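Colleague: A single structure is presented below for examination.
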Amino acid sequence: MYLISFKQAEFAYTFIDYMATKDIILRTELDKDGNSQLFFDDSCDDKLTIVKQELEQYIQNPYDKRYLDATWQKSNNHSFKLPAKKLNAGILNLAPVGVITLIITIVCIALYGLLFIFGPTQILTYLGYPLPGQQAQLWRYITPIFIHFSLLHIVFNIMWWWYLGGMIEHLKGRFKLIEITVISGLLSNYAQASISGPDFGGLSGVVYALMGYVWLYGETRPSSGLRFERAMIIIIIVWLLAGFTGILGPIANTAHLVGLIVGLLLAVKDIWFIKKQ
């Protein structure tokens with residue numbers, strides 16, 4: 001029996017976890033618009049009555065402590081069981097993703113193709129970080145995130161962007177992904193330009209922000225469905241530190257560090273906001 005739809009999967013899984021503590025099993029499916037639908041398949045009328053009553057209370061105050069407590073108790077049962085057709089656990093997830101994830105992927109690939117036609121100098125002339133006298137060209141403060149200078153660079157960034165960006169857009173919505181992308185892109189670009197000058201590019205600062213956000217938010221709210229393994233965040237930090245030693249060559253270490261910090265701070269902001277509700 002269909003019960004309700006949630007735009008954010010986090011709310012569906014939180015209620016599933018809560019009802020599981022009452023030995024009532026619900027399931028979720030995605031509709032054609034990506035909303036999480038809740039279903040109750042038991043034929044017991046008494047249980048259905050309980051579900052409806054609890055659902056009414058949940059809708060009134062989804063941030064009540066009892067629901068948050070339930071997510072911790074049952075996180076291993078439901079936290080990361082997202083429908084495979086929308087989001088697989090593997091990094092190379094080629095399932096359909098949201099429009100923002102797709103658009104930025106296409107822009108990065110298109111610009112990488114144009115780089116071979118016109119050369120990096122021409123691309124930086126129009127899209128690189130602003131030089132003195134170009135400060136009024138506001139697009140330049142963000143466009144370096146779309147520019148990549150090597151195949152390895154763009155493959156690494158797009159792979160993680162598709163996985164993590166797609167995850168955030170699916171579970172937290174497109175505006176959350178835009179927020180993280182714009183803030184981390186602007187700040188990581190500014191920091192990198194301050195250290196190395198305007199000749200840089202890449203989505204890496206944003207990718208590190210996504211890593212930090214997904215890891216911390218997922219650790220704190222496992223029912224959200226966001227997941228980035230602890231082992232991976234350790235590897236990323238080691239890689240970041242190695243970059244500052246110079247053994248990995250000329251890479252945008254400052255953008256990576258600032259991006260990671262921004263992602264963590266945005267996660268802290270969202271977690272604090274939820275707790276204040």
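Ligands are numbered from 1 in the order shown, residues from 1 within each chain, and chains are lettered A, B, ... in the order they appear in the structure tokens.
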As a ChimeraX atom specification, please: all residues of range 179-231 of chain A that backbone DSSP puts in helix (DSSP H, G or I).
Modeller: /A:179-196,204-220,222-224,230-231
Colleague: Which residue gives the smallest distance to Tyr58 in chain A among A:Val214, A:Ile236, A:Cys44, A:Ile16, with only C-alpha atoms counted?
Modeller: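 Looking at the shortest contact to Tyr58 in chain A, the residue is A:Ile16.
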Colleague: Hey, can you check how far CA of Phe116 in chain A sits from CA of Leu187 in chain A?
Modeller: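 Computing the Euclidean distance for CA of Phe116 in chain A and CA of Leu187 in chain A yields 27.9 Å.
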Colleague: Per DSSP on the backbone, what are the strand (DSSP E) residues of range 23-243 of chain A, as a list in words?
Modeller: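 Here are the strand (DSSP E) residues of range 23-243 of chain A: Arg27, Thr28, Glu29, Leu30, Ser36, Gln37, Leu38 and Phe39 of chain A.
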Colleague: Put those residues in a file: C-alpha atoms, as a PDB file, in the first residue's frame.
Modeller:
```pdb
ATOM      1  CA  ARG A  27       9.892  -0.190   1.892  1.00  0.00           C
ATOM      2  CA  THR A  28      10.799   2.632  -0.455  1.00  0.00           C
ATOM      3  CA  GLU A  29      10.847   3.022  -4.221  1.00  0.00           C
ATOM      4  CA  LEU A  30      11.771   5.920  -6.447  1.00  0.00           C
ATOM      5  CA  SER A  36      11.131   8.389  -2.472  1.00  0.00           C
ATOM      6  CA  GLN A  37       7.787   6.632  -2.146  1.00  0.00           C
ATOM      7  CA  LEU A  38       6.916   4.723   1.029  1.00  0.00           C
ATOM      8  CA  PHE A  39       4.945   1.483   0.917  1.00  0.00           C
TER       9      PHE A  39
END
```
Colleague: Under the rule that only C-alpha atoms are counted, which of A:Pro62, A:Pro222, A:Gly201, A:Gly185 is the nearest residue to Val262 in chain A?
Modeller: A:Gly185
Colleague: Between CA of Val258 in chain A and CA of Tyr112 in chain A, what is the spacing in Å?
Modeller: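 Going from CA of Tyr112 in chain A over to CA of Val258 in chain A covers 24.0 Å.
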Colleague: Quick one: everything within 12 Å of range 107-110 of chain A, counting only C-alpha atoms, minus sequence neighbours fewer than 6 positions away in the same chain. Send it as a ChimeraX atom specification.
Modeller: /A:100-101,116-117,123,143-151,153-155,157-159,161-162,201-204
Colleague: Here is a test: counting only C-alpha atoms, which residue of A:Tyr63, A:Phe228, A:Tyr208, A:Tyr163 is nearest to Phe273 in chain A?
Modeller: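 Closest to Phe273 in chain A of all the choices is A:Tyr63.
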Colleague: Write out as a list of chain:residue names the residues lying within 7 Å of Gly98 in chain A, counting only C-alpha atoms and excluding same-chain residues fewer than 3 positions away.
Modeller: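 Near neighbours after the sequence-gap exclusion: A:Thr101, A:Leu102, A:Gly166, A:Glu169, A:His170.
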Colleague: Limited to N, CA, C and O atoms, could you put the picked residues into a file as a PDB file, in the first residue's frame?
Modeller:
```
ATOM      1  N   THR A 101      24.444  17.650 -12.015  1.00  0.00           N
ATOM      2  CA  THR A 101      25.577  16.729 -12.180  1.00  0.00           C
ATOM      3  C   THR A 101      25.883  16.522 -13.653  1.00  0.00           C
ATOM      4  O   THR A 101      27.048  16.552 -14.077  1.00  0.00           O
ATOM      5  N   LEU A 102      24.850  16.325 -14.436  1.00  0.00           N
ATOM      6  CA  LEU A 102      25.025  16.065 -15.863  1.00  0.00           C
ATOM      7  C   LEU A 102      25.549  17.292 -16.600  1.00  0.00           C
ATOM      8  O   LEU A 102      26.476  17.189 -17.414  1.00  0.00           O
ATOM      9  N   GLY A 166      26.381  13.328  -7.909  1.00  0.00           N
ATOM     10  CA  GLY A 166      25.115  12.649  -8.190  1.00  0.00           C
ATOM     11  C   GLY A 166      24.418  12.190  -6.918  1.00  0.00           C
ATOM     12  O   GLY A 166      23.190  12.264  -6.800  1.00  0.00           O
ATOM     13  N   GLU A 169      22.966  15.364  -5.174  1.00  0.00           N
ATOM     14  CA  GLU A 169      21.799  15.894  -5.889  1.00  0.00           C
ATOM     15  C   GLU A 169      20.583  14.995  -5.715  1.00  0.00           C
ATOM     16  O   GLU A 169      19.456  15.469  -5.585  1.00  0.00           O
ATOM     17  N   HIS A 170      20.810  13.690  -5.704  1.00  0.00           N
ATOM     18  CA  HIS A 170      19.710  12.744  -5.537  1.00  0.00           C
ATOM     19  C   HIS A 170      19.121  12.777  -4.133  1.00  0.00           C
ATOM     20  O   HIS A 170      17.896  12.799  -3.958  1.00  0.00           O
TER      21      HIS A 170
END
```
Colleague: Excluding same-chain residues fewer than 2 positions from Leu48 in chain A, what lies within 12 Å of it counting only C-alpha atoms, as a list in words?
Modeller: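 Listed by chain and then number, they are Met1, Tyr2, Leu3, Met19, Ile24, Ile25, Leu26, Phe39, Phe40, Asp41, Asp42, Ser43, Cys44, Asp45, Asp46, Ile50, Val51, Lys52, Gln53, Glu54 and Leu55 of chain A.
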Colleague: Just give me the gap between CA of Gly246 in chain A and CA of Leu216 in chain A in Å, one decimal is fine.
Modeller: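 It comes out at 27.8 Å.
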Colleague: Go through A:Ser194, A:Tyr13, A:Leu152, A:Ile180 and flag the residue nearest Leu131 in chain A, using only C-alpha atoms for the distances.
Modeller: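 When distances to Leu131 in chain A are compared using only C-alpha atoms, the smallest one comes from A:Ser194.
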